[in-house]
Amino acid sequence: MAAPKSASRKAASSGAGKQSEPASKAKGNGKPGPSAEHPADAIKLLKADHKEVKTWFEEYEKLEAKGDKQALADKICLALTVHAQIEEEIFYPAARPAVDDDALFDEAEVEHGSAKQLIAEIQAMKAGDRLFDAKVIVLGEYIDHHVEEEEEEMFPEARDSDLDLKALGVQLAARKAELMAAAGK
């Protein structure tokens, strides 16, 4: 079993998170990004989701119009809901035995539960309601913390394991597309 992670979690929480290119963009090396024929591996796909939603949280804080805030909050909530679902259904069950750090996955599960509660509260409100902006901003801060733990601890350990990240990426992409289609997006 892996050594406890609490000290490294604390150290990681004080550093800046690293971000990767979105899966849909070409890299600066002139090579095209992942496509249907060449999907991103699981970690690249999940990091691209992280980067996208981080950008949306940053955009949200600059908005003033209630309609714009509502639309972006709805987009953020849907993206996070789908992202959490594909992690819980596919990535976490595959990675947990390969990484062998139950505490890391247990914490991620609890963090997802808390994020889902806050998402439900936001979805029950309207932009302009008291605490709407505060809840969206706090959700962003909460997600930043969760993403940092995944990207600094979970993902490197998964990458160092014997997981087939390409095959897992195909599964994640397919399930994500299915969930987004069911949501009408």
# chains A, B, ... in the order shown; residues from 1 in each chain; ligands from 1
call {"tool": "residues_around", "arguments": {"residues": "Glu59 (chain A)", "least_positions_apart": "2", "cutoff": "12 Å", "atoms": "only C-alpha atoms", "output": "list in words"}}
result
Glu52, Val53, Lys54, Thr55, Trp56, Phe57, Glu61, Lys62, Leu63, Glu64, Asp68, Lys69, Ala71, Leu72, Ala73, Lys75, Ile76, Val136, Ile137 and Gly140 of chain A
call {"tool": "closest_atom_pairs", "arguments": {"of": "region 29-107 of chain A", "to": "region 123-134 of chain A", "cutoff": "8 Å", "atoms": "only C-alpha atoms", "output": "JSON lines"}}
result
{"residue": "A:Lys66", "atom": "CA", "partner": "A:Ala127", "partner_atom": "CA", "distance": 5.3}
{"residue": "A:Gly67", "atom": "CA", "partner": "A:Ala127", "partner_atom": "CA", "distance": 7.2}
{"residue": "A:Lys69", "atom": "CA", "partner": "A:Ala127", "partner_atom": "CA", "distance": 6.2}
{"residue": "A:Gln70", "atom": "CA", "partner": "A:Ala127", "partner_atom": "CA", "distance": 5.2}
{"residue": "A:Asp74", "atom": "CA", "partner": "A:Gln123", "partner_atom": "CA", "distance": 7.2}
{"residue": "A:Cys77", "atom": "CA", "partner": "A:Gln123", "partner_atom": "CA", "distance": 7.6}
call {"tool": "write_last_selection", "arguments": {"atoms": "N, CA, C and O atoms", "output": "CSV table (one decimal), in the first residue's frame"}}
result
chain,number,residue,atom,x,y,z
A,66,LYS,N,-27.3,39.4,-15.4
A,66,LYS,CA,-27.9,38.2,-14.8
A,66,LYS,C,-28.0,37.1,-15.8
A,66,LYS,O,-27.8,35.9,-15.5
A,67,GLY,N,-28.5,37.4,-17.0
A,67,GLY,CA,-28.7,36.4,-18.0
A,67,GLY,C,-27.4,35.7,-18.4
A,67,GLY,O,-27.4,34.5,-18.5
A,69,LYS,N,-24.7,35.5,-16.4
A,69,LYS,CA,-24.3,34.7,-15.3
A,69,LYS,C,-25.1,33.4,-15.2
A,69,LYS,O,-24.5,32.4,-14.9
A,70,GLN,N,-26.4,33.5,-15.4
A,70,GLN,CA,-27.2,32.3,-15.3
A,70,GLN,C,-26.8,31.3,-16.4
A,70,GLN,O,-26.6,30.1,-16.1
A,74,ASP,N,-25.1,27.7,-15.5
A,74,ASP,CA,-25.7,26.4,-15.9
A,74,ASP,C,-24.7,25.6,-16.7
A,74,ASP,O,-24.7,24.3,-16.5
A,77,CYS,N,-22.3,24.0,-14.2
A,77,CYS,CA,-22.9,23.0,-13.4
A,77,CYS,C,-23.1,21.7,-14.2
A,77,CYS,O,-22.8,20.6,-13.7
call {"tool": "closest_residue", "arguments": {"among": "A:Leu78, A:Ala84, A:Ile90, A:Phe155", "to": "His112 (chain A)", "atoms": "only C-alpha atoms"}}
result
A:Ala84
call {"tool": "closest_residue", "arguments": {"among": "A:Glu149, A:Glu89, A:Glu178, A:Glu141", "to": "Ala108 (chain A)", "atoms": "only C-alpha atoms"}}
result
A:Glu149
call {"tool": "select_by_dssp", "arguments": {"residues": "region 67-110 of chain A", "states": "alpha helix (DSSP H)", "output": "number ranges by chain"}}
result
A: 67-86, 92-99, 102-110
call {"tool": "write_last_selection", "arguments": {"atoms": "N, CA and C atoms", "output": "mmCIF file, in the first residue's frame"}}
result
data_model
loop_
_atom_site.group_PDB
_atom_site.id
_atom_site.type_symbol
_atom_site.label_atom_id
_atom_site.label_comp_id
_atom_site.auth_asym_id
_atom_site.auth_seq_id
_atom_site.Cartn_x
_atom_site.Cartn_y
_atom_site.Cartn_z
ATOM 1 N N GLY A 67 -28.494 37.424 -16.969
ATOM 2 C CA GLY A 67 -28.701 36.396 -17.987
ATOM 3 C C GLY A 67 -27.409 35.690 -18.368
ATOM 4 N N ASP A 68 -26.338 36.470 -18.498
ATOM 5 C CA ASP A 68 -25.031 35.892 -18.820
ATOM 6 C C ASP A 68 -24.524 35.022 -17.677
ATOM 7 N N LYS A 69 -24.712 35.505 -16.447
ATOM 8 C CA LYS A 69 -24.287 34.736 -15.279
ATOM 9 C C LYS A 69 -25.062 33.418 -15.180
ATOM 10 N N GLN A 70 -26.367 33.507 -15.415
ATOM 11 C CA GLN A 70 -27.194 32.300 -15.337
ATOM 12 C C GLN A 70 -26.751 31.270 -16.375
ATOM 13 N N ALA A 71 -26.553 31.725 -17.607
ATOM 14 C CA ALA A 71 -26.162 30.811 -18.690
ATOM 15 C C ALA A 71 -24.815 30.153 -18.392
ATOM 16 N N LEU A 72 -23.861 30.923 -17.914
ATOM 17 C CA LEU A 72 -22.543 30.357 -17.644
ATOM 18 C C LEU A 72 -22.575 29.460 -16.406
ATOM 19 N N ALA A 73 -23.327 29.830 -15.387
ATOM 20 C CA ALA A 73 -23.457 28.967 -14.205
ATOM 21 C C ALA A 73 -24.091 27.635 -14.597
ATOM 22 N N ASP A 74 -25.108 27.675 -15.460
ATOM 23 C CA ASP A 74 -25.742 26.434 -15.932
ATOM 24 C C ASP A 74 -24.734 25.560 -16.683
ATOM 25 N N LYS A 75 -23.923 26.197 -17.522
ATOM 26 C CA LYS A 75 -22.903 25.486 -18.303
ATOM 27 C C LYS A 75 -21.868 24.848 -17.377
ATOM 28 N N ILE A 76 -21.427 25.590 -16.386
ATOM 29 C CA ILE A 76 -20.456 25.087 -15.412
ATOM 30 C C ILE A 76 -21.044 23.893 -14.650
ATOM 31 N N CYS A 77 -22.265 24.033 -14.178
ATOM 32 C CA CYS A 77 -22.900 22.961 -13.396
ATOM 33 C C CYS A 77 -23.054 21.691 -14.221
ATOM 34 N N LEU A 78 -23.457 21.828 -15.476
ATOM 35 C CA LEU A 78 -23.591 20.647 -16.336
ATOM 36 C C LEU A 78 -22.231 20.004 -16.573
ATOM 37 N N ALA A 79 -21.240 20.805 -16.909
ATOM 38 C CA ALA A 79 -19.910 20.256 -17.180
ATOM 39 C C ALA A 79 -19.357 19.519 -15.964
ATOM 40 N N LEU A 80 -19.507 20.106 -14.779
ATOM 41 C CA LEU A 80 -18.999 19.472 -13.563
ATOM 42 C C LEU A 80 -19.770 18.198 -13.229
ATOM 43 N N THR A 81 -21.066 18.219 -13.457
ATOM 44 C CA THR A 81 -21.885 17.034 -13.189
ATOM 45 C C THR A 81 -21.462 15.874 -14.087
ATOM 46 N N VAL A 82 -21.289 16.157 -15.368
ATOM 47 C CA VAL A 82 -20.876 15.116 -16.323
ATOM 48 C C VAL A 82 -19.461 14.648 -15.994
ATOM 49 N N HIS A 83 -18.570 15.578 -15.724
ATOM 50 C CA HIS A 83 -17.189 15.238 -15.402
ATOM 51 C C HIS A 83 -17.123 14.333 -14.168
ATOM 52 N N ALA A 84 -17.829 14.710 -13.117
ATOM 53 C CA ALA A 84 -17.830 13.895 -11.905
ATOM 54 C C ALA A 84 -18.390 12.507 -12.191
ATOM 55 N N GLN A 85 -19.435 12.445 -13.001
ATOM 56 C CA GLN A 85 -20.050 11.150 -13.294
ATOM 57 C C GLN A 85 -19.097 10.237 -14.053
ATOM 58 N N ILE A 86 -18.370 10.759 -15.044
ATOM 59 C CA ILE A 86 -17.457 9.874 -15.787
ATOM 60 C C ILE A 86 -16.266 9.459 -14.921
ATOM 61 N N TYR A 92 -12.266 6.423 -11.639
ATOM 62 C CA TYR A 92 -11.937 6.035 -10.266
ATOM 63 C C TYR A 92 -11.946 4.515 -10.072
ATOM 64 N N PRO A 93 -12.983 3.799 -10.550
ATOM 65 C CA PRO A 93 -12.954 2.342 -10.358
ATOM 66 C C PRO A 93 -11.759 1.660 -11.036
ATOM 67 N N ALA A 94 -11.332 2.189 -12.185
ATOM 68 C CA ALA A 94 -10.183 1.600 -12.875
ATOM 69 C C ALA A 94 -8.870 1.981 -12.199
ATOM 70 N N ALA A 95 -8.770 3.224 -11.749
ATOM 71 C CA ALA A 95 -7.513 3.725 -11.196
ATOM 72 C C ALA A 95 -7.290 3.314 -9.745
ATOM 73 N N ARG A 96 -8.357 3.134 -8.985
ATOM 74 C CA ARG A 96 -8.198 2.850 -7.544
ATOM 75 C C ARG A 96 -7.292 1.642 -7.291
ATOM 76 N N PRO A 97 -7.523 0.493 -7.916
ATOM 77 C CA PRO A 97 -6.626 -0.642 -7.627
ATOM 78 C C PRO A 97 -5.217 -0.452 -8.199
ATOM 79 N N ALA A 98 -5.102 0.272 -9.287
ATOM 80 C CA ALA A 98 -3.796 0.491 -9.906
ATOM 81 C C ALA A 98 -2.944 1.453 -9.092
ATOM 82 N N VAL A 99 -3.571 2.450 -8.474
ATOM 83 C CA VAL A 99 -2.856 3.455 -7.694
ATOM 84 C C VAL A 99 -2.612 2.964 -6.268
ATOM 85 N N ASP A 102 -6.238 4.170 -1.241
ATOM 86 C CA ASP A 102 -7.670 4.311 -0.981
ATOM 87 C C ASP A 102 -8.038 5.667 -0.407
ATOM 88 N N ALA A 103 -7.201 6.234 0.451
ATOM 89 C CA ALA A 103 -7.516 7.522 1.065
ATOM 90 C C ALA A 103 -7.674 8.609 0.004
ATOM 91 N N LEU A 104 -6.836 8.580 -1.005
ATOM 92 C CA LEU A 104 -6.904 9.570 -2.082
ATOM 93 C C LEU A 104 -8.245 9.492 -2.809
ATOM 94 N N PHE A 105 -8.693 8.287 -3.110
ATOM 95 C CA PHE A 105 -9.958 8.107 -3.807
ATOM 96 C C PHE A 105 -11.155 8.352 -2.892
ATOM 97 N N ASP A 106 -11.020 8.011 -1.623
ATOM 98 C CA ASP A 106 -12.088 8.296 -0.670
ATOM 99 C C ASP A 106 -12.306 9.805 -0.549
ATOM 100 N N GLU A 107 -11.200 10.565 -0.456
ATOM 101 C CA GLU A 107 -11.312 12.015 -0.371
ATOM 102 C C GLU A 107 -11.959 12.584 -1.633
ATOM 103 N N ALA A 108 -11.567 12.068 -2.793
ATOM 104 C CA ALA A 108 -12.140 12.545 -4.056
ATOM 105 C C ALA A 108 -13.644 12.277 -4.088
ATOM 106 N N GLU A 109 -14.056 11.133 -3.581
ATOM 107 C CA GLU A 109 -15.483 10.786 -3.540
ATOM 108 C C GLU A 109 -16.256 11.755 -2.636
ATOM 109 N N VAL A 110 -15.688 12.069 -1.481
ATOM 110 C CA VAL A 110 -16.336 13.006 -0.560
ATOM 111 C C VAL A 110 -16.381 14.404 -1.185
#
call {"tool": "atom_distance", "arguments": {"atom1": "CA of Lys185 (chain A)", "atom2": "CA of His50 (chain A)"}}
result
18.2 Å
